file target32.tsv (TSV, C-alpha atoms)
chain	number	residue	atom	x	y	z
T	826	MET	CA	14.10	-15.92	0.60
T	827	SER	CA	15.59	-13.44	3.03
T	828	ASP	CA	17.44	-10.31	2.11
T	829	GLY	CA	20.56	-11.83	3.58
T	830	ASP	CA	20.41	-14.62	1.05
T	831	ALA	CA	20.00	-12.16	-1.77
T	832	LEU	CA	22.94	-10.13	-0.59
T	833	GLU	CA	25.10	-13.23	-0.25
T	834	ARG	CA	24.19	-14.31	-3.72
T	835	GLU	CA	25.04	-10.90	-5.10
T	836	VAL	CA	28.38	-10.86	-3.36
T	837	SER	CA	29.32	-14.39	-4.36
T	838	SER	CA	28.27	-13.85	-7.94
T	839	GLY	CA	30.70	-11.00	-8.25
T	840	HIS	CA	28.01	-8.33	-8.18
T	841	ALA	CA	29.43	-6.93	-5.02
T	842	PRO	CA	27.94	-3.51	-4.34
T	843	GLU	CA	31.23	-1.84	-5.01
T	844	ARG	CA	30.19	0.68	-7.58
T	845	ALA	CA	28.92	3.64	-5.57
T	846	VAL	CA	27.41	6.50	-7.48
T	847	THR	CA	30.37	8.79	-7.60
T	848	ASP	CA	29.07	10.76	-10.54
T	849	GLY	CA	27.07	13.54	-8.91
T	850	ASP	CA	25.06	14.20	-12.02
T	851	ALA	CA	23.84	10.61	-12.18
T	852	LEU	CA	22.69	10.65	-8.57
T	853	GLU	CA	20.99	14.00	-8.95
T	854	ARG	CA	19.32	12.83	-12.14
T	855	ALA	CA	18.10	9.71	-10.36
T	856	LEU	CA	16.72	11.80	-7.50
T	857	ARG	CA	14.87	14.05	-9.91
T	858	GLU	CA	13.49	11.23	-12.03
T	859	THR	CA	12.34	9.00	-9.20
T	860	GLY	CA	11.21	12.02	-7.20
T	861	ARG	CA	8.81	12.96	-9.97
T	862	LEU	CA	7.06	9.60	-9.53
T	863	HIS	CA	5.92	10.76	-6.10
T	864	GLY	CA	3.33	12.92	-7.77
T	865	GLU	CA	1.70	10.03	-9.60
T	866	ARG	CA	-0.27	8.84	-6.63
T	867	ARG	CA	-3.41	10.83	-6.14
T	868	PRO	CA	-3.20	13.03	-3.07
T	869	PRO	CA	-6.06	12.78	-0.58
T	870	ASP	CA	-9.05	15.11	-0.64
T	871	ILE	CA	-8.84	18.39	1.27
T	872	ALA	CA	-12.38	19.77	0.93
T	873	ALA	CA	-14.08	17.11	3.09
T	874	PRO	CA	-11.74	17.40	6.12
T	875	ALA	CA	-11.79	21.20	5.67
T	876	ALA	CA	-15.59	21.17	5.88
T	877	ALA	CA	-15.49	18.81	8.86
T	878	THR	CA	-13.20	21.18	10.77
T	879	GLY	CA	-15.21	24.28	9.91
T	880	LEU	CA	-12.57	25.68	7.57
T	881	LEU	CA	-14.53	25.52	4.34
T	882	ASP	CA	-16.13	28.96	4.09
T	883	VAL	CA	-17.13	28.78	0.42
T	884	ALA	CA	-17.70	25.52	-1.46
T	885	TYR	CA	-18.27	25.57	-5.19
T	886	ALA	CA	-19.10	23.29	-8.09
T	887	LEU	CA	-19.85	23.58	-11.79
T	888	LEU	CA	-23.10	22.52	-13.39
T	889	ASP	CA	-23.74	22.06	-17.09
T	890	SER	CA	-27.21	23.40	-17.78
T	891	PRO	CA	-29.28	24.02	-20.92
T	892	LEU	CA	-28.25	27.67	-20.55
T	893	GLY	CA	-24.56	26.85	-20.45
T	894	ARG	CA	-22.14	26.18	-17.66
T	895	LEU	CA	-23.05	27.51	-14.20
T	896	LEU	CA	-20.86	28.03	-11.19
T	897	LEU	CA	-22.66	27.37	-7.89
T	898	ALA	CA	-21.20	28.45	-4.57
T	899	ALA	CA	-22.44	27.92	-1.02
T	900	THR	CA	-21.42	28.95	2.48
T	901	PRO	CA	-22.50	26.97	5.56
T	902	ARG	CA	-25.54	29.32	5.61
T	903	GLY	CA	-26.70	28.46	2.12
T	904	LEU	CA	-26.36	29.10	-1.60
T	905	ILE	CA	-24.59	32.41	-2.12
T	906	ARG	CA	-23.78	32.57	-5.82
T	907	VAL	CA	-24.98	31.31	-9.18
T	908	ALA	CA	-22.93	32.58	-12.10
T	909	TYR	CA	-23.00	32.06	-15.85
T	910	VAL	CA	-19.41	31.13	-16.61
T	911	ASP	CA	-19.44	30.27	-20.31
T	912	ASP	CA	-17.74	33.49	-21.17
T	913	GLY	CA	-13.95	33.52	-20.89
T	914	GLY	CA	-12.71	34.14	-17.35
T	915	GLY	CA	-16.20	33.93	-15.86
T	916	GLU	CA	-15.24	31.24	-13.40
T	917	ASP	CA	-12.08	33.02	-12.22
T	918	ALA	CA	-13.94	36.31	-11.83
T	919	ALA	CA	-16.76	34.72	-9.82
T	920	LEU	CA	-14.28	32.92	-7.53
T	921	ALA	CA	-12.15	36.04	-7.07
T	922	GLN	CA	-15.27	37.97	-6.05
T	923	LEU	CA	-16.17	35.30	-3.49
T	924	ALA	CA	-12.60	35.27	-2.15
T	925	SER	CA	-12.49	39.01	-1.63
T	926	ARG	CA	-16.07	39.61	-0.47
T	927	VAL	CA	-16.89	36.48	1.53
T	928	SER	CA	-13.72	34.60	2.47
T	929	PRO	CA	-10.57	33.45	0.67
T	930	ARG	CA	-11.22	29.94	2.05
T	931	VAL	CA	-12.79	28.84	-1.23
T	932	LEU	CA	-12.58	25.18	-2.32
T	933	ALA	CA	-14.13	23.03	-5.01
T	934	ALA	CA	-16.47	20.66	-3.17
T	935	ALA	CA	-19.14	19.17	-5.40
T	936	HIS	CA	-20.75	17.23	-2.56
T	937	LYS	CA	-21.63	20.49	-0.81
T	938	LEU	CA	-23.69	21.57	-3.82
T	939	ASP	CA	-25.68	18.38	-4.34
T	940	GLN	CA	-29.03	19.89	-3.42
T	941	PRO	CA	-28.81	23.04	-5.58
T	942	ARG	CA	-27.55	20.97	-8.51
T	943	ARG	CA	-30.42	18.55	-8.17
T	944	GLU	CA	-33.03	21.29	-7.84
T	945	LEU	CA	-31.66	23.21	-10.82
T	946	ASP	CA	-31.70	20.04	-12.95
T	947	GLN	CA	-35.33	19.52	-11.97
T	948	TYR	CA	-36.14	23.16	-12.70
T	949	PHE	CA	-34.70	22.93	-16.22
T	950	ALA	CA	-36.59	19.68	-16.77
T	951	GLY	CA	-39.78	21.59	-15.95
T	952	ILE	CA	-40.63	19.42	-12.95
T	953	ARG	CA	-39.70	21.91	-10.22
T	954	HIS	CA	-41.53	25.20	-9.79
T	955	SER	CA	-39.91	26.51	-6.63
T	956	PHE	CA	-36.56	26.13	-4.96
T	957	GLU	CA	-36.28	24.86	-1.42
T	958	LEU	CA	-32.72	26.00	-0.87
T	959	PRO	CA	-31.37	27.93	2.07
T	960	LEU	CA	-29.92	31.15	0.65
T	961	ASP	CA	-27.04	33.27	1.90
T	962	TRP	CA	-27.74	36.93	1.06
T	963	GLY	CA	-24.21	37.97	2.06
T	964	LEU	CA	-23.35	39.37	-1.38
T	965	THR	CA	-26.24	41.82	-1.21
T	966	ASN	CA	-27.20	44.62	1.14
T	967	GLY	CA	-29.62	47.44	1.81
T	968	PHE	CA	-32.21	48.31	-0.79
T	969	ALA	CA	-30.79	45.83	-3.32
T	970	ARG	CA	-31.26	43.00	-0.87
T	971	ARG	CA	-34.88	43.98	-0.25
T	972	VAL	CA	-35.52	44.12	-4.01
T	973	LEU	CA	-34.00	40.68	-4.51
T	974	GLN	CA	-35.91	39.20	-1.59
T	975	ALA	CA	-39.12	40.56	-3.11
T	976	THR	CA	-38.05	39.04	-6.43
T	977	ALA	CA	-37.65	35.67	-4.77
T	978	ARG	CA	-41.38	35.75	-3.98
T	979	ILE	CA	-42.53	36.17	-7.62
T	980	PRO	CA	-44.34	32.91	-8.40
T	981	TYR	CA	-43.19	30.54	-11.13
T	982	GLY	CA	-44.53	31.40	-14.55
T	983	SER	CA	-45.67	34.91	-13.67
T	984	LEU	CA	-44.13	38.31	-14.31
T	985	SER	CA	-43.54	41.44	-12.28
T	986	THR	CA	-42.20	44.90	-13.10
T	987	TYR	CA	-39.28	46.99	-11.90
T	988	LYS	CA	-41.78	49.54	-10.62
T	989	ARG	CA	-43.76	47.03	-8.56
T	990	LEU	CA	-40.56	45.57	-7.07
T	991	ALA	CA	-39.32	49.01	-6.09
T	992	ALA	CA	-42.62	49.52	-4.29
T	993	ASP	CA	-42.36	46.10	-2.63
T	994	ALA	CA	-38.89	47.05	-1.42
T	995	GLY	CA	-40.25	50.23	0.11
T	996	SER	CA	-39.30	52.91	-2.45
T	997	PRO	CA	-41.90	53.10	-5.23
T	998	ARG	CA	-39.97	55.72	-7.19
T	999	ALA	CA	-36.65	53.85	-7.11
T	1000	PHE	CA	-37.39	51.60	-10.08
T	1001	ARG	CA	-34.07	52.45	-11.69
T	1002	ALA	CA	-32.22	51.37	-8.55
T	1003	ALA	CA	-34.39	48.24	-8.53
T	1004	GLY	CA	-33.21	47.54	-12.08
T	1005	ASN	CA	-29.60	47.92	-10.98
T	1006	ALA	CA	-30.16	45.56	-8.06
T	1007	LEU	CA	-31.57	42.92	-10.39
T	1008	GLY	CA	-28.71	43.44	-12.83
T	1009	ALA	CA	-26.30	42.60	-9.99
T	1010	ASN	CA	-28.33	39.60	-8.77
T	1011	PRO	CA	-25.76	37.16	-7.31
T	1012	LEU	CA	-28.31	34.30	-7.51
T	1013	PRO	CA	-29.86	34.34	-10.99
T	1014	ILE	CA	-32.41	31.62	-11.82
T	1015	VAL	CA	-32.89	30.78	-8.11
T	1016	VAL	CA	-33.83	34.37	-7.35
T	1017	PRO	CA	-35.89	34.77	-10.53
T	1018	CYS	CA	-34.91	38.21	-11.79
T	1019	HIS	CA	-35.83	36.89	-15.24
T	1020	ARG	CA	-39.49	37.28	-14.21
T	1021	VAL	CA	-39.12	41.05	-14.01
T	1022	VAL	CA	-39.94	43.13	-17.10
T	1023	HIS	CA	-40.74	46.74	-17.99
T	1024	SER	CA	-44.20	47.99	-17.14
T	1025	GLY	CA	-44.54	49.06	-20.78
T	1026	GLY	CA	-44.18	45.45	-21.87
T	1027	GLY	CA	-40.50	45.48	-22.86
T	1028	LEU	CA	-38.41	42.50	-21.74
T	1029	GLY	CA	-35.88	44.69	-19.91
T	1030	GLY	CA	-32.34	43.43	-19.34
T	1031	TYR	CA	-30.66	40.30	-17.99
T	1032	THR	CA	-27.26	39.51	-16.48
T	1033	GLY	CA	-26.81	36.45	-18.64
T	1034	GLY	CA	-28.06	38.12	-21.82
T	1035	LEU	CA	-31.61	38.53	-23.12
T	1036	GLU	CA	-31.56	35.20	-24.95
T	1037	ARG	CA	-31.22	33.41	-21.62
T	1038	LYS	CA	-34.03	35.47	-20.14
T	1039	ARG	CA	-36.30	34.43	-23.04
T	1040	ARG	CA	-35.37	30.79	-22.62
T	1041	LEU	CA	-36.03	30.84	-18.87
T	1042	LEU	CA	-39.43	32.40	-19.44
T	1043	ALA	CA	-40.07	29.77	-22.13
T	1044	VAL	CA	-39.24	26.99	-19.64
T	1045	GLU	CA	-41.87	28.52	-17.37
T	1046	ARG	CA	-44.28	29.25	-20.29
T	1047	ALA	CA	-44.55	32.75	-18.82
T	1048	LEU	CA	-44.75	34.63	-22.10
T	1049	GLY	CA	-48.01	32.92	-23.06
Q	1344	MET	CA	-19.51	47.42	-5.25
Q	1345	ARG	CA	-18.82	47.22	-1.53
Q	1346	PRO	CA	-15.12	47.35	-0.55
Q	1347	PRO	CA	-13.61	43.93	0.15
Q	1348	ARG	CA	-14.01	42.75	3.72
Q	1349	HIS	CA	-10.29	42.07	4.11
Q	1350	SER	CA	-9.03	45.37	2.75
Q	1351	GLN	CA	-7.68	46.55	6.09
Q	1352	THR	CA	-5.48	43.51	6.73
Q	1353	SER	CA	-4.18	42.44	3.32
Q	1354	PRO	CA	-3.13	44.86	0.61
Q	1355	ALA	CA	-3.10	42.37	-2.28
Q	1356	PRO	CA	-6.28	40.30	-2.60
Q	1357	LEU	CA	-5.77	36.67	-1.70
Q	1358	PRO	CA	-6.66	34.29	-4.52
Q	1359	PRO	CA	-9.34	31.66	-3.86
Q	1360	PHE	CA	-7.66	28.89	-1.86
Q	1361	GLN	CA	-8.55	26.29	-4.49
Q	1362	ARG	CA	-6.09	28.00	-6.80
Q	1363	LEU	CA	-3.22	27.25	-4.40
Q	1364	LEU	CA	-4.27	23.64	-4.29
Q	1365	ASP	CA	-4.41	23.44	-8.09
Q	1366	LEU	CA	-1.05	25.11	-8.59
Q	1367	HIS	CA	1.00	23.65	-5.75
Q	1368	GLY	CA	-0.79	20.53	-4.52
Q	1369	ARG	CA	1.36	18.20	-6.55
Q	1370	ASP	CA	4.69	19.67	-5.44
Q	1371	VAL	CA	3.63	19.65	-1.80
Q	1372	TYR	CA	2.54	16.02	-2.10
Q	1373	ARG	CA	5.77	14.95	-3.83
Q	1374	PHE	CA	7.79	16.70	-1.18
Q	1375	LEU	CA	5.93	14.92	1.60
Q	1376	VAL	CA	6.05	11.46	0.02
Q	1377	ALA	CA	9.79	11.99	-0.41
Q	1378	THR	CA	10.45	13.13	3.15
Q	1379	VAL	CA	8.00	11.26	5.38
Q	1380	GLY	CA	7.42	8.29	3.08
Q	1381	PRO	CA	4.37	7.06	1.21
Q	1382	GLY	CA	2.72	5.67	4.34
Q	1383	ALA	CA	2.56	8.92	6.27
Q	1384	ALA	CA	2.35	11.32	3.33
Q	1385	ASP	CA	-1.44	11.41	3.09
Q	1386	ASP	CA	-1.87	12.44	6.74
Q	1387	CYS	CA	0.90	15.04	6.53
Q	1388	TYR	CA	-0.57	16.35	3.28
Q	1389	GLN	CA	-3.99	16.90	4.84
Q	1390	GLU	CA	-2.41	18.45	7.95
Q	1391	THR	CA	-0.38	20.78	5.76
Q	1392	TRP	CA	-3.35	22.02	3.77
Q	1393	LEU	CA	-5.63	22.36	6.77
Q	1394	ALA	CA	-2.97	24.38	8.62
Q	1395	ALA	CA	-2.53	26.57	5.55
Q	1396	LEU	CA	-6.29	26.98	5.17
Q	1397	ARG	CA	-6.61	27.96	8.83
Q	1398	ALA	CA	-3.95	30.67	8.56
Q	1399	TYR	CA	-4.79	31.82	5.04
Q	1400	PRO	CA	-7.22	34.71	5.68
Q	1401	ARG	CA	-4.66	36.38	7.97
Q	1402	LEU	CA	-1.75	35.96	5.55
Q	1403	GLN	CA	-0.10	39.35	5.09
Q	1404	ASP	CA	2.06	38.69	2.09
Q	1405	ALA	CA	0.59	36.81	-0.85
Q	1406	SER	CA	3.57	37.39	-3.13
Q	1407	ASN	CA	5.14	33.95	-2.61
Q	1408	LEU	CA	2.40	31.46	-1.89
Q	1409	ARG	CA	4.39	28.44	-3.05
Q	1410	GLY	CA	7.22	29.32	-0.67
Q	1411	TRP	CA	4.73	29.75	2.16
Q	1412	LEU	CA	3.13	26.35	1.45
Q	1413	LEU	CA	6.52	24.63	1.33
Q	1414	THR	CA	7.30	26.21	4.69
Q	1415	VAL	CA	4.10	24.79	6.16
Q	1416	ALA	CA	4.79	21.37	4.59
Q	1417	HIS	CA	8.34	21.45	5.94
Q	1418	ARG	CA	6.99	22.09	9.45
Q	1419	LYS	CA	4.58	19.20	9.15
Q	1420	ALA	CA	7.39	16.92	8.01
Q	1421	ILE	CA	9.53	18.01	10.97
Q	1422	ASP	CA	6.58	17.46	13.36
Q	1423	HIS	CA	6.28	14.00	11.91
Q	1424	PHE	CA	9.96	13.21	12.47
Q	1425	ARG	CA	9.79	14.56	16.02
Q	1426	ALA	CA	6.72	12.51	16.83
Q	1427	GLY	CA	9.02	9.58	16.22
Q	1428	ARG	CA	6.70	7.94	13.80
Q	1429	ARG	CA	8.48	5.44	11.62
Q	1430	ALA	CA	9.24	7.27	8.42
Q	1431	ALA	CA	11.59	4.84	6.77
Q	1432	VAL	CA	9.16	2.00	6.25
Q	1433	PRO	CA	7.37	2.27	2.95
Q	1434	VAL	CA	3.75	1.21	3.14
Q	1435	GLU	CA	2.72	-0.57	-0.01
Q	1436	HIS	CA	-0.99	0.19	0.23
Q	1437	PRO	CA	-3.02	2.98	1.79
Q	1438	PRO	CA	-3.97	1.81	5.30
Q	1439	ASP	CA	-7.68	2.40	4.78
Q	1440	GLY	CA	-7.68	0.33	1.60
Q	1441	ALA	CA	-9.30	3.26	-0.18
Q	1442	PRO	CA	-10.32	2.43	-3.72
Q	1443	SER	CA	-7.97	4.16	-6.06
Q	1444	ALA	CA	-7.45	4.05	-9.79
Q	1445	THR	CA	-3.71	4.45	-9.40
Q	1446	PRO	CA	-1.55	1.53	-8.35
Q	1447	ALA	CA	-0.72	2.03	-4.71
Q	1448	PRO	CA	2.87	0.80	-4.24
Q	1449	ALA	CA	5.59	3.26	-3.36
Q	1450	PRO	CA	7.10	4.07	-6.71
Q	1451	ASP	CA	10.39	5.49	-5.57
Q	1452	GLY	CA	12.32	2.37	-4.71
Q	1453	GLU	CA	15.57	2.05	-2.81
Q	1454	LEU	CA	17.01	5.46	-3.46
Q	1455	TRP	CA	14.37	7.33	-1.48
Q	1456	SER	CA	14.46	4.85	1.37
Q	1457	HIS	CA	18.07	5.91	1.67
Q	1458	VAL	CA	17.08	9.56	1.50
Q	1459	ARG	CA	14.58	8.99	4.30
Q	1460	ARG	CA	17.38	7.63	6.49
Q	1461	LEU	CA	19.37	10.88	6.21
Q	1462	ALA	CA	19.34	13.45	8.99
Q	1463	PRO	CA	16.02	15.36	8.90
Q	1464	LYS	CA	17.49	18.60	7.57
Q	1465	GLN	CA	19.38	16.84	4.80
Q	1466	ARG	CA	16.31	14.84	3.93
Q	1467	VAL	CA	14.12	17.94	3.68
Q	1468	ALA	CA	16.73	19.91	1.75
Q	1469	ILE	CA	17.24	17.08	-0.76
Q	1470	ALA	CA	13.49	16.71	-1.29
Q	1471	LEU	CA	12.98	20.44	-1.77
Q	1472	ARG	CA	15.88	20.57	-4.20
Q	1473	PHE	CA	15.17	17.55	-6.36
Q	1474	VAL	CA	11.45	16.91	-5.95
Q	1475	ALA	CA	10.02	20.40	-5.61
Q	1476	ASP	CA	12.77	21.87	-7.86
Q	1477	ALA	CA	13.37	24.60	-5.33
Q	1478	PRO	CA	16.24	27.04	-5.79
Q	1479	TYR	CA	18.50	27.48	-2.75
Q	1480	ALA	CA	16.85	30.76	-1.79
Q	1481	GLU	CA	13.51	28.97	-1.56
Q	1482	ILE	CA	15.00	26.05	0.40
Q	1483	SER	CA	16.53	28.50	2.85
Q	1484	ALA	CA	13.21	30.35	3.25
Q	1485	ALA	CA	11.16	27.18	3.64
Q	1486	MET	CA	13.53	25.73	6.24
Q	1487	GLY	CA	14.24	28.99	8.02
Q	1488	ILE	CA	18.01	28.60	7.60
Q	1489	SER	CA	20.62	30.55	5.68
Q	1490	GLU	CA	21.15	29.91	2.00
Q	1491	GLN	CA	24.63	28.68	2.82
Q	1492	ALA	CA	23.22	26.19	5.31
Q	1493	ALA	CA	20.71	25.07	2.69
Q	1494	ARG	CA	23.52	24.35	0.25
Q	1495	ARG	CA	25.47	22.54	2.93
Q	1496	ASN	CA	22.52	20.31	3.79
Q	1497	VAL	CA	22.00	19.35	0.16
Q	1498	HIS	CA	25.71	18.80	-0.29
Q	1499	GLU	CA	26.13	16.68	2.84
Q	1500	GLY	CA	23.04	14.67	1.98
Q	1501	LEU	CA	24.34	13.92	-1.50
Q	1502	LYS	CA	27.73	12.98	-0.13
Q	1503	ARG	CA	26.17	10.52	2.26
Q	1504	LEU	CA	23.96	9.05	-0.46
Q	1505	ARG	CA	26.94	8.55	-2.74
Q	1506	LYS	CA	28.60	6.61	0.02
Q	1507	GLU	CA	25.60	4.49	0.95
Q	1508	TYR	CA	23.45	4.07	-2.09
Q	1509	ARG	CA	24.37	1.64	-4.82
Q	1510	PRO	CA	21.82	1.17	-7.54

call {"tool": "encode", "arguments": {"input": "target32.tsv", "output": "structure tokens"}}
result
Amino acid sequence: MSDGDALEREVSSGHAPERAVTDGDALERALRETGRLHGERRPPDIAAPAAATGLLDVAYALLDSPLGRLLLAATPRGLIRVAYVDDGGGEDAALAQLASRVSPRVLAAAHKLDQPRRELDQYFAGIRHSFELPLDWGLTNGFARRVLQATARIPYGSLSTYKRLAADAGSPRAFRAAGNALGANPLPIVVPCHRVVHSGGGLGGYTGGLERKRRLLAVERALG
Amino acid sequence: MRPPRHSQTSPAPLPPFQRLLDLHGRDVYRFLVATVGPGAADDCYQETWLAALRAYPRLQDASNLRGWLLTVAHRKAIDHFRAGRRAAVPVEHPPDGAPSATPAPAPDGELWSHVRRLAPKQRVAIALRFVADAPYAEISAAMGISEQAARRNVHEGLKRLRKEYRP
């Protein structure tokens, strides 16, 4: 049936479209109500085309791990941030830091973090002993970067000390500064600062709290 | 901590872009479906957000991000009208047949087909007013016209709809 037929029927049945909406409120209400329905379709994805056009500077995703929720972030160069975000505001703080220090072009893009997520899952399951991830050291610099790069070379299941790391980074007496660098590690777990303890045998500190440090070392059976 | 890399160019730190998408994505999408129609809205939506993302690091004033995004969306809608693409024909299904949990048909019926036949400025003003719930000051800023002209466009659009649209 054509529209013409329908219109004819309407007219002949007395339902002539005479009654225009003269009441402004009714028309405005109708515009608001039907206009709201526009949001019910799901808008298309932005992260994938942004990545394809080189506009996605920082991609991030969340990962639920045995140590709580982690935020993972990567630039085109590699993984740049792992953050414990269980604590209130942890996610916002980590994202704000990335926005101000790396680039404000930060988008949720789980597919860009597939490899780190997979490797971390395997690590927690005890079936992965080293990470094969490209890393972006952009959140570190100077001595701290050298300390963290030395930390990245500590083998799975073994321990090092703040003193030895300071020496590895070129300043044997700067063990306190080495401790600070580890405390500000932007890539915990992947850069295994949990494998660093006091020379006297004390466990030292940990960004995510000492309980997490103990559990990581337990995963690696490093405490014998 | 090292000073932020963008401290010289932007006084207030820009929030992570994802936050803009979370807060304003829905309003931008509604506005575009209303103005360019369901068939072209997805393309215009992506173009809007990519243009915003491109310009974002250089943005000087982060105090009214929603207004800025509506301005960008408005420009994309105008580009679309100018390109002469058919805006009045509702497309019932996404052209790529993308799997989607939501039912695809245009949900807005006759009324918005009438809106999409209004003059571009009236169309945009009506959508900003009734879909994005924009006050006249925001409509004027987004469209780059005076507040008085914003009111006039809404008013003229409504007048025309009252004449032409019968539910």

call {"tool": "atom_distance", "arguments": {"input": "target32.tsv", "atom1": "atom CA of Asp1385 of chain Q", "atom2": "atom CA of Ile871 of chain T"}}
result
10.3 Å

call {"tool": "interface_residues", "arguments": {"input": "target32.tsv", "of": "chain T", "to": "chain Q", "cutoff": "8 Å", "atoms": "all atoms listed in the file", "output": "PyMOL selection string"}}
result
chain T and resi 842-847+849+852-853+856-857+859-871+874-875+880+920-921+923-933

call {"tool": "residues_around", "arguments": {"input": "target32.tsv", "residues": "Ala1480 of chain Q", "least_positions_apart": "2", "cutoff": "9 Å", "atoms": "all atoms listed in the file", "output": "VMD selection string"}}
result
chain Q and resid 1477 to 1478 1482 to 1485 1489 to 1490 1493

call {"tool": "residues_near_point", "arguments": {"input": "target32.tsv", "point": "(-35.2, 40.3, -18.2)", "cutoff": "10 Å", "atoms": "only C-alpha atoms", "output": "PyMOL selection string"}}
result
chain T and resi 984+986+1004+1007-1008+1017-1023+1027-1039+1041-1042

call {"tool": "closest_residue", "arguments": {"input": "target32.tsv", "among": "T:Val1015, T:Ala1043, T:Ile952, T:Ala851", "to": "Ser983 of chain T", "atoms": "only C-alpha atoms"}}
result
T:Ala1043

call {"tool": "atom_distance", "arguments": {"input": "target32.tsv", "atom1": "atom CA of Ala934 of chain T", "atom2": "atom CA of Ala873 of chain T"}}
result
7.6 Å

call {"tool": "residues_around", "arguments": {"input": "target32.tsv", "residues": "Leu1408 of chain Q", "least_positions_apart": "4", "cutoff": "9 Å", "atoms": "only C-alpha atoms", "output": "ChimeraX atom specification"}}
result
/Q:1363,1367,1404,1412-1413

call {"tool": "atom_distance", "arguments": {"input": "target32.tsv", "atom1": "atom CA of Ala1003 of chain T", "atom2": "atom CA of Asp911 of chain T"}}
result
26.2 Å

call {"tool": "residues_around", "arguments": {"input": "target32.tsv", "residues": "Ala1002 of chain T", "least_positions_apart": "6", "cutoff": "12 Å", "atoms": "only C-alpha atoms", "output": "ChimeraX atom specification"}}
result
/T:967-973,987-988,990-992,994-996,1008-1009

call {"tool": "decode", "arguments": {"input": "target32.tsv", "residues": "segment 1391-1403 of chain Q", "atoms": "C-alpha atoms", "output": "mmCIF file, in the first residue's frame"}}
result
data_model
loop_
_atom_site.group_PDB
_atom_site.id
_atom_site.type_symbol
_atom_site.label_atom_id
_atom_site.label_comp_id
_atom_site.auth_asym_id
_atom_site.auth_seq_id
_atom_site.Cartn_x
_atom_site.Cartn_y
_atom_site.Cartn_z
ATOM 1 C CA THR Q 1391 33.462 14.831 15.602
ATOM 2 C CA TRP Q 1392 35.454 12.895 18.171
ATOM 3 C CA LEU Q 1393 38.501 12.463 15.969
ATOM 4 C CA ALA Q 1394 38.544 16.199 15.210
ATOM 5 C CA ALA Q 1395 38.225 16.934 18.927
ATOM 6 C CA LEU Q 1396 40.964 14.431 19.768
ATOM 7 C CA ARG Q 1397 43.256 15.989 17.161
ATOM 8 C CA ALA Q 1398 42.825 19.495 18.573
ATOM 9 C CA TYR Q 1399 42.635 18.525 22.234
ATOM 10 C CA PRO Q 1400 46.274 18.868 23.373
ATOM 11 C CA ARG Q 1401 46.362 22.449 22.067
ATOM 12 C CA LEU Q 1402 43.069 23.464 23.683
ATOM 13 C CA GLN Q 1403 43.673 26.635 25.686
#
